[in-house]
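> Structure file data06.cif (mmCIF, C-alpha atoms) right here:
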data_work
#
loop_
_atom_site.label_atom_id
_atom_site.label_comp_id
_atom_site.auth_asym_id
_atom_site.auth_seq_id
_atom_site.Cartn_x
_atom_site.Cartn_y
_atom_site.Cartn_z
CA MET A 1256 11.88 -7.73 -8.64
CA LYS A 1257 9.22 -9.66 -10.59
CA THR A 1258 6.87 -9.50 -7.58
CA ARG A 1259 7.23 -5.73 -7.35
CA ILE A 1260 6.67 -5.20 -11.07
CA ALA A 1261 3.62 -7.48 -11.06
CA LEU A 1262 2.04 -5.64 -8.12
CA LEU A 1263 2.66 -2.22 -9.65
CA SER A 1264 1.15 -3.39 -12.96
CA ALA A 1265 -1.89 -4.79 -11.17
CA VAL A 1266 -2.46 -1.51 -9.29
CA PHE A 1267 -3.00 0.27 -12.60
CA ALA A 1268 -4.68 -2.59 -14.47
CA VAL A 1269 -7.30 -3.72 -11.93
CA PRO A 1270 -9.38 -0.51 -11.93
CA LEU A 1271 -9.60 -0.66 -15.73
CA VAL A 1272 -10.67 -4.31 -15.70
CA VAL A 1273 -13.26 -3.71 -12.99
CA ALA A 1274 -14.65 -0.68 -14.79
CA ALA A 1275 -14.98 -2.64 -18.03
CA ALA A 1276 -16.69 -5.55 -16.30
CA ASP A 1277 -19.09 -3.15 -14.61
CA ALA A 1278 -20.08 -1.42 -17.85
CA VAL A 1279 -22.86 -3.89 -18.64
CA ALA A 1280 -24.50 -3.43 -15.23
CA ALA A 1281 -24.04 0.32 -15.50
CA ALA A 1282 -26.19 0.38 -18.63
CA ASP A 1283 -29.20 -0.62 -16.55
CA ALA A 1284 -28.42 2.11 -14.04
CA GLU A 1285 -28.86 4.71 -16.76
CA THR A 1286 -32.52 3.75 -17.09
CA PRO A 1287 -34.80 6.05 -15.02
CA GLY A 1288 -35.98 4.40 -11.86
CA VAL A 1289 -33.28 1.70 -11.91
CA ALA A 1290 -30.35 3.60 -10.44
CA HIS A 1291 -31.63 3.40 -6.88
CA SER A 1292 -32.02 -0.38 -6.99
CA SER A 1293 -28.46 -0.87 -8.28
CA SER A 1294 -26.87 1.43 -5.72
CA VAL A 1295 -24.52 0.00 -3.15
CA GLY A 1296 -26.52 -1.43 -0.28
CA PRO A 1297 -25.90 -1.00 3.46
CA HIS A 1298 -22.76 -3.14 3.93
CA PRO A 1299 -20.94 -1.37 6.77
CA TRP A 1300 -18.14 -3.92 7.33
CA VAL A 1301 -15.30 -4.72 4.95
CA VAL A 1302 -12.54 -7.35 4.98
CA ARG A 1303 -9.78 -7.16 2.34
CA ALA A 1304 -6.68 -9.21 1.55
CA GLU A 1305 -3.98 -6.93 0.24
CA GLY A 1306 -0.52 -6.69 -1.20
CA SER A 1307 1.59 -3.56 -0.90
CA LEU A 1308 4.98 -2.15 -1.84
CA VAL A 1309 6.58 -0.17 0.98
CA ASP A 1310 9.91 1.64 0.66
CA MET A 1311 11.90 1.03 3.85
CA ARG A 1312 15.30 1.88 2.31
CA ASP A 1313 16.61 -1.56 3.18
CA ASN A 1314 18.45 -2.26 -0.09
CA TRP A 1315 20.99 -0.25 -2.09
CA LEU A 1316 18.63 0.08 -5.10
CA ASN A 1317 15.94 1.59 -2.86
CA ILE A 1318 13.32 -0.71 -4.39
CA PRO A 1319 10.11 -0.86 -2.30
CA GLY A 1320 9.64 -4.26 -0.67
CA PRO A 1321 6.43 -6.34 -0.92
CA GLU A 1322 4.15 -6.84 2.07
CA VAL A 1323 1.01 -8.96 2.40
CA GLY A 1324 -1.75 -8.20 4.85
CA LEU A 1325 -5.36 -8.12 5.94
CA THR A 1326 -7.65 -5.10 6.36
CA VAL A 1327 -10.77 -4.82 8.51
CA GLY A 1328 -12.89 -1.70 8.22
CA ARG A 1329 -16.28 -0.19 8.95
CA ASP A 1330 -18.27 2.57 7.27
CA LEU A 1331 -19.30 5.33 9.64
CA THR A 1332 -21.26 7.10 6.91
CA ARG A 1333 -21.54 6.59 3.13
CA ARG A 1334 -18.55 8.91 2.70
CA LEU A 1335 -16.37 8.10 5.72
CA SER A 1336 -14.88 4.84 7.02
CA LEU A 1337 -12.23 3.58 9.42
CA GLU A 1338 -9.77 0.81 8.50
CA LEU A 1339 -7.12 -1.25 10.31
CA THR A 1340 -4.46 -3.17 8.35
CA GLY A 1341 -1.87 -5.65 9.58
CA SER A 1342 0.90 -6.78 7.20
CA SER A 1343 4.03 -8.88 7.09
CA ARG A 1344 7.25 -8.21 5.16
CA GLU A 1345 9.75 -10.84 3.94
CA VAL A 1346 7.45 -13.62 5.11
CA GLU A 1347 9.72 -16.38 3.82
CA SER A 1348 12.80 -15.19 5.74
CA ASP A 1349 13.18 -15.66 9.49
CA GLN A 1350 16.09 -13.18 9.55
CA ARG A 1351 14.42 -10.38 7.56
CA ARG A 1352 10.74 -10.78 8.50
CA SER A 1353 9.00 -7.76 9.99
CA TRP A 1354 5.47 -6.55 10.62
CA SER A 1355 3.50 -3.36 10.08
CA ALA A 1356 0.24 -1.84 11.27
CA LEU A 1357 -1.80 0.86 9.56
CA ALA A 1358 -4.90 2.71 10.79
CA VAL A 1359 -6.62 5.19 8.49
CA ALA A 1360 -9.76 7.24 8.14
CA ARG A 1361 -10.96 7.10 4.52
CA GLY A 1362 -13.13 9.75 2.93
CA VAL A 1363 -14.80 9.81 -0.47
CA LEU A 1364 -13.68 12.72 -2.66
CA VAL A 1365 -15.91 11.94 -5.61
CA ALA A 1366 -18.12 8.99 -6.57
CA ASN A 1367 -20.54 8.05 -9.32
CA ARG A 1368 -24.26 8.21 -8.52
CA THR A 1369 -24.55 4.49 -7.76
CA GLY A 1370 -21.61 4.65 -5.34
CA ARG A 1371 -19.82 1.77 -7.05
CA HIS A 1372 -16.80 3.79 -8.18
CA ALA A 1373 -15.10 6.29 -5.93
CA LEU A 1374 -11.90 8.28 -5.63
CA THR A 1375 -10.90 8.38 -1.97
CA VAL A 1376 -8.32 9.98 0.27
CA ALA A 1377 -7.07 8.33 3.46
CA GLY A 1378 -4.64 9.12 6.24
CA GLY A 1379 -3.47 7.92 9.63
CA PRO A 1380 -0.58 6.37 11.58
CA PHE A 1381 1.61 3.64 10.10
CA PHE A 1382 4.04 1.59 12.20
CA GLU A 1383 6.87 -0.60 10.92
CA LEU A 1384 7.51 -3.15 13.69
CA GLY A 1385 10.68 -5.15 14.26
CA ASN A 1386 12.36 -4.29 10.98
CA PRO A 1387 15.81 -5.97 11.04
CA VAL A 1388 17.45 -2.85 9.59
CA HIS A 1389 15.53 0.03 11.18
CA GLY A 1390 13.85 -1.51 14.21
CA SER A 1391 10.37 -0.17 15.00
CA LEU A 1392 9.52 3.16 13.41
CA PRO A 1393 6.36 5.35 13.33
CA PHE A 1394 5.12 7.10 10.18
CA ALA A 1395 2.23 9.33 9.13
CA HIS A 1396 0.52 7.80 6.10
CA ALA A 1397 -1.47 9.57 3.37
CA GLU A 1398 -2.87 8.07 0.18
CA LEU A 1399 -5.13 8.55 -2.81
CA ALA A 1400 -7.01 5.42 -3.91
CA TYR A 1401 -9.68 4.18 -6.28
CA VAL A 1402 -12.34 2.02 -4.60
CA TYR A 1403 -14.85 -0.22 -6.36
CA ARG A 1404 -17.90 -1.63 -4.54
CA SER A 1405 -20.22 -4.07 -6.26
CA SER A 1406 -23.92 -4.38 -5.40
CA PHE A 1407 -23.32 -7.92 -4.09
CA GLY A 1408 -20.35 -7.17 -1.80
CA LEU A 1409 -17.13 -7.47 -3.83
CA THR A 1410 -14.76 -4.56 -3.28
CA VAL A 1411 -11.41 -3.59 -4.79
CA LEU A 1412 -8.94 -0.91 -3.73
CA ALA A 1413 -5.94 0.32 -5.72
CA GLY A 1414 -3.87 3.34 -4.81
CA GLY A 1415 -0.72 4.78 -3.40
CA GLY A 1416 0.75 7.55 -1.34
CA VAL A 1417 3.55 8.47 1.03
CA ASP A 1418 4.75 7.59 4.51
CA VAL A 1419 6.38 10.44 6.44
CA ALA A 1420 8.79 9.26 9.15
CA LEU A 1421 8.00 10.65 12.61
CA ALA A 1422 11.31 9.55 14.13
CA THR A 1423 14.84 8.59 13.10
CA SER A 1424 15.55 4.90 12.74
CA HIS A 1425 18.07 3.09 14.95
CA TYR A 1426 20.03 1.95 11.90
CA VAL A 1427 23.67 3.01 11.75
CA GLU A 1428 25.10 3.23 8.23
CA PRO A 1429 28.09 0.91 7.78
CA PRO A 1430 31.45 2.36 6.68
CA PRO A 1431 32.15 2.42 2.93
CA ALA A 1432 33.80 -0.64 1.43
CA SER A 1433 37.58 -0.49 1.22
CA CYS A 1434 39.57 -1.72 -1.76
CA PRO A 1435 42.18 -4.45 -1.18
CA ASP A 1436 45.84 -3.52 -1.50
CA SER A 1437 47.23 -5.48 -4.43
CA GLY A 1438 50.54 -3.75 -4.83
CA ASP A 1439 51.24 -2.65 -8.39
CA ALA A 1440 48.38 -4.71 -9.84
CA ILE A 1441 45.39 -2.88 -11.28
CA VAL A 1442 42.31 -3.70 -9.25
CA TRP A 1443 38.81 -2.55 -10.12
CA CYS A 1444 36.97 -1.68 -6.95
CA ILE A 1445 33.43 -0.31 -7.20
CA ASP A 1446 31.55 0.75 -4.10
CA LEU A 1447 27.82 0.32 -4.69
CA GLY A 1448 27.05 1.94 -1.36
CA PRO A 1449 25.46 0.43 1.73
CA ASP A 1450 22.70 -2.15 1.48
CA ALA A 1451 20.38 0.25 3.31
CA ARG A 1452 20.09 3.89 4.30
CA GLU A 1453 19.04 5.44 7.56
CA ILE A 1454 15.56 6.93 7.74
CA HIS A 1455 15.39 10.33 9.41
CA ALA A 1456 12.39 12.11 10.89
CA GLY A 1457 10.59 13.94 8.10
CA ASP A 1458 11.77 11.62 5.33
CA ARG A 1459 9.08 10.57 2.81
CA THR A 1460 8.87 7.07 1.39
CA ALA A 1461 6.53 5.49 -1.18
CA HIS A 1462 3.61 3.19 -0.33
CA VAL A 1463 1.50 1.41 -3.00
CA ARG A 1464 -1.52 -0.82 -2.22
CA LEU A 1465 -3.74 -3.31 -4.05
CA ALA A 1466 -6.55 -5.10 -2.18
CA VAL A 1467 -9.55 -7.30 -2.91
CA GLY A 1468 -12.23 -8.13 -0.37
CA TRP A 1469 -15.84 -8.38 0.67
CA GLN A 1470 -18.36 -6.06 2.30
CA PHE A 1471 -21.11 -7.36 4.53
#
Could you quickly redo this structure as structure tokens?

Amino acid sequence: MKTRIALLSAVFAVPLVVAAADAVAAADAETPGVAHSSSVGPHPWVVRAEGSLVDMRDNWLNIPGPEVGLTVGRDLTRRLSLELTGSSREVESDQRRSWSALAVARGVLVANRTGRHALTVAGGPFFELGNPVHGSLPFAHAELAYVYRSSFGLTVLAGGGVDVALATSHYVEPPPASCPDSGDAIVWCIDLGPDAREIHAGDRTAHVRLAVGWQF
């Protein structure tokens, strides 16, 4: 729970911190003739380490689970890029570990004139692989994200979106818990529901991402 809260907090806090830290450099960019020199240079490749929260409906509270991964991408133009991300879920558990793969095309919706700050939209296929509850399952992924690019290569991404299931998972919901027969004794029996729920084609689940990396 603490990991999920920390990641969600960071998703909203990091863009504010980056923007504040960039304010000093931005002052120079306001001077005529300086903006061009402080613009983002031609760094077509990007590598990012990332953490994400992905809702796979594998617990009765429906709390998105943390994943850690690595992204490799390349700019096709200044406003369009392609990215591939591989992630692992429940890394510390041999019984619950699974993998995921995400491929997106990212486009810039709006950016400041130096190109350092941008609001982007991305979409593409997302695959959950070997999930112990749902097996392997394909999704269509769409997201809205803030992207920061420094003049020296540092880049940060923070955003979120939805995954739309393209198939029904192989998970079969277990029968509801039954209360023990204790005769005339009063027994409190509360059914909290199954530990997971089946994912059907067309279902939408949440996906939040935070990544830090380098462009070169």
> Could you pull the residues within 6 Å of Gly1328 (chain A), counting all atoms listed in the file, minus those fewer than 6 positions along the same chain, as a PyMOL selection string?
chain A and resi 1300-1301+1337-1338
> To one decimal place in Å, what is the distance between CA of Gly1385 (chain A) and CA of Leu1399 (chain A)?
27.0 Å
> What's the 9 Å shell around Thr1460 (chain A), counting all atoms listed in the file, without same-chain residues fewer than 5 positions away, as a PyMOL selection string?
chain A and resi 1309-1312+1319+1416-1420
> To one decimal place, how far is CA of Thr1410 (chain A) from CA of Ala1304 (chain A) in Å?
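Interatomic distance, CA of Thr1410 (chain A) to CA of Ala1304 (chain A): 10.5 Å.
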> Enter the distance from CA of Arg1329 (chain A) to CA of Thr1375 (chain A), in Å, rounded to one decimal.
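Between CA of Arg1329 (chain A) and CA of Thr1375 (chain A) the gap works out to 14.9 Å.
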> Which of these residues is nearest to Asp1330 (chain A), using only C-alpha atoms: A:Ser1343, A:Ser1353, A:Gln1470, A:Ser1405?
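Nearest candidate to Asp1330 (chain A) out of A:Ser1343, A:Ser1353, A:Gln1470, A:Ser1405: A:Gln1470.
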> Tell me which of A:Val1388, A:Leu1409, A:Val1376, A:Ala1395 sits closest to Asn1314 (chain A), counting all atoms listed in the file.
A:Val1388
> So for region 1384-1400 of chain A, what box centre and size do we get, axis-aligned, 8 Å extra on each of the six sides, every listed atom, Å to one decimal, as JSON?

{"center_x": 5.2, "center_y": 1.8, "center_z": 5.5, "size_x": 40.5, "size_y": 31.5, "size_z": 34.9}
> Would you list the contacts of Thr1326 (chain A) as a list in words, taking every protein, DNA or RNA residue within 6 Å and counting all atoms listed in the file, but skipping same-chain residues closer than 3 positions in sequence?
Val1302, Arg1303, Leu1339 and Thr1340 of chain A
> Step by step, work through what the PyMOL selection byres ((chain A and resi 1457) around 8) selects in the shown file, and finish by giving those residues as a list in words.
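Answer for the PyMOL selection byres ((chain A and resi 1457) around 8): Val1419, Ala1420, Leu1421, Ala1422, His1455, Ala1456, Asp1458 and Arg1459 of chain A.
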> Evaluate the PyMOL selection byres ((chain A and resi 1322) around 9) against this structure - the residues, as an MDAnalysis selection string, please.
chainID A and resid 1305:1309 1320:1321 1323:1324 1342:1346 1354:1355
> Check what the PyMOL selection byres ((chain A and resi 1370) around 9) selects in the file above and give those residues as a list in words.
Ser1294, Val1295, Arg1333, Ala1366, Asn1367, Arg1368, Thr1369, Arg1371, His1372, Ala1373, Tyr1403, Arg1404 and Ser1405 of chain A
